[in-house]
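The data block below is run_20.cif; it holds mmCIF, C-alpha atoms.
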```cif
data_my_file
#
loop_
_atom_site.label_atom_id
_atom_site.label_comp_id
_atom_site.auth_asym_id
_atom_site.auth_seq_id
_atom_site.Cartn_x
_atom_site.Cartn_y
_atom_site.Cartn_z
CA MET A 809 -35.15 -18.33 18.94
CA ALA A 810 -34.06 -15.32 20.98
CA GLY A 811 -30.37 -15.94 20.28
CA ARG A 812 -30.65 -15.68 16.52
CA GLN A 813 -29.36 -12.61 14.75
CA LYS A 814 -31.94 -10.71 12.75
CA ILE A 815 -31.44 -9.50 9.20
CA LEU A 816 -33.60 -6.93 7.43
CA ILE A 817 -33.89 -7.66 3.69
CA VAL A 818 -34.94 -4.66 1.60
CA ASP A 819 -35.82 -5.48 -2.02
CA ASP A 820 -38.85 -4.73 -4.17
CA ASP A 821 -38.43 -8.03 -6.04
CA ASP A 822 -40.38 -10.54 -3.94
CA ASN A 823 -38.66 -13.51 -5.56
CA ILE A 824 -35.19 -12.23 -4.74
CA ALA A 825 -36.17 -11.24 -1.19
CA ASP A 826 -37.76 -14.64 -0.53
CA LEU A 827 -34.74 -16.48 -1.93
CA ILE A 828 -32.33 -14.49 0.23
CA SER A 829 -34.55 -15.11 3.25
CA LEU A 830 -34.59 -18.85 2.53
CA TYR A 831 -30.80 -19.11 2.41
CA LEU A 832 -30.35 -17.01 5.55
CA ASN A 833 -32.98 -19.00 7.45
CA LYS A 834 -31.04 -22.17 6.61
CA GLU A 835 -28.04 -20.54 8.28
CA LEU A 836 -30.19 -19.92 11.39
CA TYR A 837 -30.70 -16.20 10.91
CA ASN A 838 -34.10 -14.62 11.47
CA THR A 839 -35.25 -12.37 8.64
CA VAL A 840 -37.77 -9.61 8.02
CA ILE A 841 -38.54 -8.23 4.56
CA ALA A 842 -39.35 -4.74 3.35
CA SER A 843 -40.39 -4.05 -0.23
CA ASP A 844 -39.71 -0.29 -0.34
CA GLY A 845 -37.69 2.40 1.39
CA GLU A 846 -40.44 3.69 3.65
CA GLU A 847 -41.22 0.21 4.96
CA ALA A 848 -37.49 -0.40 5.44
CA LEU A 849 -37.18 2.63 7.73
CA GLU A 850 -40.24 1.54 9.70
CA LEU A 851 -38.94 -2.02 10.13
CA PHE A 852 -35.52 -0.74 11.10
CA GLU A 853 -37.12 1.01 14.07
CA SER A 854 -39.48 -1.82 15.06
CA ALA A 855 -37.42 -4.94 14.29
CA ARG A 856 -33.99 -3.63 15.38
CA PRO A 857 -32.03 -5.80 12.93
CA ASP A 858 -28.40 -6.83 13.41
CA LEU A 859 -27.68 -6.28 9.70
CA ILE A 860 -29.46 -4.81 6.67
CA LEU A 861 -29.31 -6.11 3.10
CA LEU A 862 -30.33 -3.04 1.12
CA ASP A 863 -31.26 -2.93 -2.57
CA LEU A 864 -30.52 0.45 -4.10
CA MET A 865 -33.26 0.64 -6.73
CA LEU A 866 -36.40 0.93 -4.62
CA PRO A 867 -39.75 2.61 -5.31
CA GLY A 868 -40.22 5.88 -3.47
CA ILE A 869 -37.27 6.37 -1.13
CA ASP A 870 -34.25 4.75 -2.79
CA GLY A 871 -31.56 2.70 -1.07
CA TYR A 872 -29.08 5.56 -0.90
CA GLN A 873 -31.54 7.70 1.05
CA VAL A 874 -32.45 4.79 3.33
CA CYS A 875 -28.77 4.28 4.11
CA ARG A 876 -28.25 8.00 4.71
CA GLU A 877 -31.17 8.21 7.17
CA ILE A 878 -30.14 5.08 9.07
CA ARG A 879 -26.54 6.27 9.34
CA GLN A 880 -27.70 9.45 11.03
CA LYS A 881 -28.72 7.41 14.06
CA SER A 882 -27.14 3.95 13.88
CA GLN A 883 -23.99 2.08 12.86
CA VAL A 884 -25.86 -1.17 12.14
CA PRO A 885 -23.99 -3.05 9.36
CA ILE A 886 -25.40 -2.40 5.87
CA ILE A 887 -24.65 -4.43 2.75
CA MET A 888 -25.86 -2.78 -0.44
CA LEU A 889 -27.26 -4.88 -3.29
CA SER A 890 -27.34 -3.47 -6.80
CA ALA A 891 -27.21 -4.30 -10.49
CA LYS A 892 -25.09 -1.14 -10.88
CA GLY A 893 -21.49 -2.26 -11.08
CA GLU A 894 -19.82 1.04 -11.91
CA THR A 895 -17.03 2.20 -9.61
CA PHE A 896 -18.91 5.46 -9.01
CA ASP A 897 -21.92 3.59 -7.60
CA LYS A 898 -19.76 1.45 -5.31
CA VAL A 899 -17.84 4.44 -4.03
CA LEU A 900 -21.03 6.42 -3.46
CA GLY A 901 -22.51 3.56 -1.46
CA LEU A 902 -19.38 3.21 0.68
CA GLU A 903 -19.19 6.96 1.22
CA MET A 904 -22.72 6.92 2.56
CA GLY A 905 -21.69 4.38 5.17
CA ALA A 906 -22.30 0.94 3.63
CA ASP A 907 -20.06 -1.83 4.97
CA ASP A 908 -20.05 -3.85 1.75
CA TYR A 909 -21.45 -3.76 -1.78
CA ILE A 910 -22.63 -6.80 -3.75
CA MET A 911 -23.52 -6.76 -7.43
CA LYS A 912 -26.58 -8.48 -8.84
CA PRO A 913 -26.88 -11.20 -9.93
CA PHE A 914 -25.00 -12.73 -7.02
CA ASP A 915 -24.23 -16.23 -5.84
CA ALA A 916 -26.28 -17.10 -2.77
CA LYS A 917 -23.32 -18.76 -1.05
CA GLU A 918 -21.20 -15.66 -1.56
CA LEU A 919 -23.99 -13.49 -0.15
CA VAL A 920 -24.20 -15.65 2.99
CA ALA A 921 -20.41 -15.56 3.34
CA ARG A 922 -20.41 -11.76 3.09
CA VAL A 923 -23.18 -11.53 5.70
CA LYS A 924 -21.20 -13.72 8.10
CA ALA A 925 -18.00 -11.74 7.52
CA VAL A 926 -19.65 -8.36 8.12
CA LEU A 927 -21.40 -9.63 11.25
CA ARG A 928 -18.11 -11.03 12.57
CA ARG A 929 -16.41 -7.69 12.06
CA SER A 930 -19.32 -5.86 13.65
CA HIS A 931 -19.28 -8.18 16.65
CA ALA A 932 -15.51 -7.80 17.04
CA ALA A 933 -15.99 -4.04 17.13
CA GLU A 934 -18.24 -4.15 20.18
CA PRO A 935 -16.67 -2.89 23.42
CA PRO A 936 -15.34 -5.73 25.60
CA ALA A 937 -17.35 -6.99 28.56
CA ALA A 938 -16.39 -5.73 32.00
CA ALA A 939 -14.79 -9.08 32.83
CA SER A 940 -12.23 -8.63 30.07
CA VAL A 941 -11.28 -5.01 30.75
CA ALA A 942 -8.03 -6.18 32.32
CA SER A 943 -6.81 -7.42 28.94
CA GLU A 944 -4.26 -5.41 26.95
CA ILE A 945 -5.43 -1.94 26.00
CA ARG A 946 -4.94 -1.17 22.31
CA LEU A 947 -4.43 2.57 22.21
CA VAL A 948 -2.31 5.09 20.31
CA GLU A 949 -1.96 8.71 21.34
CA TYR A 950 -0.61 11.74 19.51
CA THR A 951 -1.04 15.48 19.87
CA ASP A 952 -4.82 16.17 19.72
CA LEU A 953 -5.56 12.54 18.80
CA VAL A 954 -6.32 9.40 20.82
CA VAL A 955 -7.41 6.23 19.03
CA ASN A 956 -8.56 3.45 21.37
CA GLN A 957 -9.33 0.14 19.66
CA THR A 958 -10.14 -1.52 22.99
CA ASN A 959 -13.36 0.44 23.45
CA TYR A 960 -13.59 1.68 19.84
CA SER A 961 -13.38 5.38 20.55
CA VAL A 962 -11.60 8.30 18.90
CA MET A 963 -10.85 11.61 20.60
CA TYR A 964 -9.77 14.51 18.41
CA ARG A 965 -8.95 17.90 19.95
CA GLY A 966 -10.74 16.83 23.11
CA GLU A 967 -13.95 15.88 21.31
CA THR A 968 -15.33 12.40 20.68
CA VAL A 969 -15.46 11.57 16.96
CA ASP A 970 -18.15 9.22 15.68
CA MET A 971 -16.27 6.70 13.54
CA PRO A 972 -17.56 3.37 12.18
CA PRO A 973 -15.50 0.26 13.04
CA LYS A 974 -13.64 -0.07 9.72
CA GLU A 975 -12.60 3.58 9.70
CA LEU A 976 -11.37 3.34 13.30
CA GLU A 977 -9.49 0.10 12.64
CA LEU A 978 -7.81 1.59 9.58
CA LEU A 979 -6.80 4.74 11.47
CA TYR A 980 -5.54 2.70 14.44
CA PHE A 981 -3.51 0.39 12.21
CA LEU A 982 -1.81 3.26 10.39
CA ALA A 983 -1.22 5.24 13.58
CA SER A 984 0.24 2.13 15.24
CA HIS A 985 2.91 2.00 12.53
CA PRO A 986 4.10 5.61 12.21
CA ASN A 987 5.93 6.53 9.00
CA GLN A 988 5.49 3.03 7.58
CA VAL A 989 4.03 2.88 4.07
CA PHE A 990 1.30 0.34 3.33
CA THR A 991 -0.12 -0.52 -0.07
CA ARG A 992 -3.87 -0.55 -0.55
CA GLU A 993 -3.72 -4.34 -0.90
CA GLN A 994 -1.92 -4.67 2.44
CA LEU A 995 -4.49 -2.47 4.15
CA LEU A 996 -7.35 -4.48 2.65
CA ASP A 997 -5.75 -7.67 3.96
CA HIS A 998 -5.06 -6.30 7.45
CA ILE A 999 -8.37 -4.52 8.01
CA TRP A 1000 -10.95 -6.36 5.91
CA GLY A 1001 -9.34 -9.79 5.90
CA TYR A 1002 -8.76 -12.37 3.23
CA GLU A 1003 -12.48 -13.10 2.84
CA TYR A 1004 -13.23 -9.61 1.60
CA VAL A 1005 -14.02 -9.56 -2.10
CA GLY A 1006 -13.64 -5.93 -3.04
CA ASP A 1007 -11.37 -3.49 -4.83
CA THR A 1008 -8.74 -1.16 -3.49
CA ARG A 1009 -11.02 1.87 -3.93
CA THR A 1010 -12.57 0.75 -0.64
CA VAL A 1011 -9.41 1.89 1.14
CA ASP A 1012 -9.47 5.26 -0.66
CA VAL A 1013 -13.07 5.86 0.37
CA HIS A 1014 -12.37 5.10 4.04
CA ILE A 1015 -9.26 7.30 4.08
CA LYS A 1016 -11.31 10.14 2.58
CA ARG A 1017 -13.95 9.78 5.32
CA ILE A 1018 -11.30 9.70 8.06
CA ARG A 1019 -9.69 12.87 6.68
CA GLU A 1020 -13.06 14.61 6.73
CA LYS A 1021 -13.34 13.91 10.47
CA ILE A 1022 -9.80 14.56 11.66
CA ARG A 1023 -7.63 17.24 10.08
CA ASP A 1024 -3.87 17.04 9.80
CA ASN A 1025 -1.86 18.24 12.77
CA PRO A 1026 1.52 20.02 12.69
CA ASP A 1027 2.96 16.89 14.35
CA TRP A 1028 1.25 14.23 12.23
CA SER A 1029 -0.85 13.59 9.13
CA ILE A 1030 -2.35 10.80 7.05
CA GLY A 1031 -0.13 10.89 4.00
CA THR A 1032 -0.72 9.60 0.49
CA VAL A 1033 2.26 7.91 -1.13
CA TRP A 1034 1.37 8.30 -4.79
CA GLY A 1035 1.26 5.07 -6.72
CA ILE A 1036 1.71 2.99 -3.57
CA GLY A 1037 -0.68 3.63 -0.69
CA TYR A 1038 -0.82 5.47 2.63
CA LYS A 1039 1.11 6.13 5.81
CA PHE A 1040 0.60 7.88 9.14
CA GLU A 1041 3.36 10.45 8.95
CA VAL A 1042 4.82 11.67 12.24
CA ARG A 1043 7.10 14.70 12.04
CA SER A 1044 9.96 15.00 14.48
CA LYS A 1045 10.04 18.12 16.61
CA THR A 1046 13.07 20.31 16.21
#
```

Can the structure from this file be put into structure tokens for me?
Amino acid sequence: MAGRQKILIVDDDDNIADLISLYLNKELYNTVIASDGEEALELFESARPDLILLDLMLPGIDGYQVCREIRQKSQVPIIMLSAKGETFDKVLGLEMGADDYIMKPFDAKELVARVKAVLRRSHAAEPPAAASVASEIRLVEYTDLVVNQTNYSVMYRGETVDMPPKELELLYFLASHPNQVFTREQLLDHIWGYEYVGDTRTVDVHIKRIREKIRDNPDWSIGTVWGIGYKFEVRSKT
């Protein structure tokens, strides 16, 4: 069916890959399977998937490198799968651009729920159709910074900044509430939603990536409130 979304499953364990494919097919997703990193990169180009389920421990090119190469040219949603449950591994995966991280062994129903949630967020991030342009424009503007959540664009010092949906949404939310402090839990709830099953380090990772792309301005900055969370600090001009 042409209307079905396509998911690329990358796992060198045939049994796991086939099981994931079975559950996703039942949910009316089309699937393609790659058993190593090189095949994953080839199928990414030929199959043009809507989402990638990416195992980290692959023969040859590992999952981290696959993610890194895909992120150089695409913002397709990526969910990493791994038996490594250490915080370092999760943070590294998120820093490389993964949208979610699921530990093995996982419950198949939870996996499907995560896939649906990430695809919903990805779809919501797409620019609106021309017919809906007249709807309210969600935009905040400061010195050297324009964050437009209507068309998902960021301008910094006159240059367009490439920013994945979750980073942009987090920046927009903070900038829309200047000088208001939000806990990491509040930011998780507002940006990722109640269905997200993750830890608050996710917020830290995204803030770190935003700060790498836009530097503080004399008029504003993304501030850390130690022990609490973050705020978009706007300094009054004297």

Contacts of A:Asn987 at 10 Å (only C-alpha atoms; same-chain gap of 6+ positions) as number ranges by chain: A: 1028-1031, 1038-1043

Let me make sure I understand: among A:Lys834, A:Lys881, A:Arg1009, A:Arg812, which one has the smallest atom-to-atom distance to A:Glu993 if we use all atoms listed in the file? A:Arg1009

Mind checking which residues fall within 8 Å of stretch 851-858 of chain A, counting only C-alpha atoms, ignoring those fewer than 3 positions away in the same chain, and posting them as a count of residues only? 11

Quick one: residues within 12 Å of A:Trp1000, only C-alpha atoms, excluding same-chain residues fewer than 2 positions away - as a ChimeraX atom specification? /A:907-908,922,925-926,928-930,973-975,977-978,981,992-998,1002-1008,1010-1011,1014

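Among the candidate residues A:Tyr909, A:Asp844, A:Ile869, A:Tyr964, the one lying nearest to A:Ala825 is A:Asp844, with distances computed using only C-alpha atoms.
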
Residues within 7 Å of A:Ala983, all atoms listed in the file, excluding chain neighbours under 3 positions, as a ChimeraX atom specification: /A:948,979-980,986,1040

What gap, in Å, lies between atom CA of A:Leu849 and atom CA of A:Leu862?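 Between atom CA of A:Leu849 and atom CA of A:Leu862 the gap is 11.1 Å.
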
For the provided coordinates, the residues matched by the PyMOL selection byres ((chain A and resi 1035) around 12) should be stated as a list in words.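 This file, filtered by the PyMOL selection byres ((chain A and resi 1035) around 12), leaves Val989, Phe990, Thr991, Arg992, Thr1032, Val1033, Trp1034, Ile1036, Gly1037 and Tyr1038 of chain A.
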
Counting all atoms listed in the file, which of A:Ala891, A:Val818, A:Leu836, A:Lys1021 gets nearest to A:Gly871?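 Between A:Ala891, A:Val818, A:Leu836, A:Lys1021, the residue approaching A:Gly871 most closely is A:Val818.
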
Using the chain letters and numbering of this document, enumerate as an MDAnalysis selection string the residues selected by the PyMOL selection byres ((chain A and resi 949-956) around 8). chainID A and resid 945:948 957:966 976 979:980 1025 1027:1028
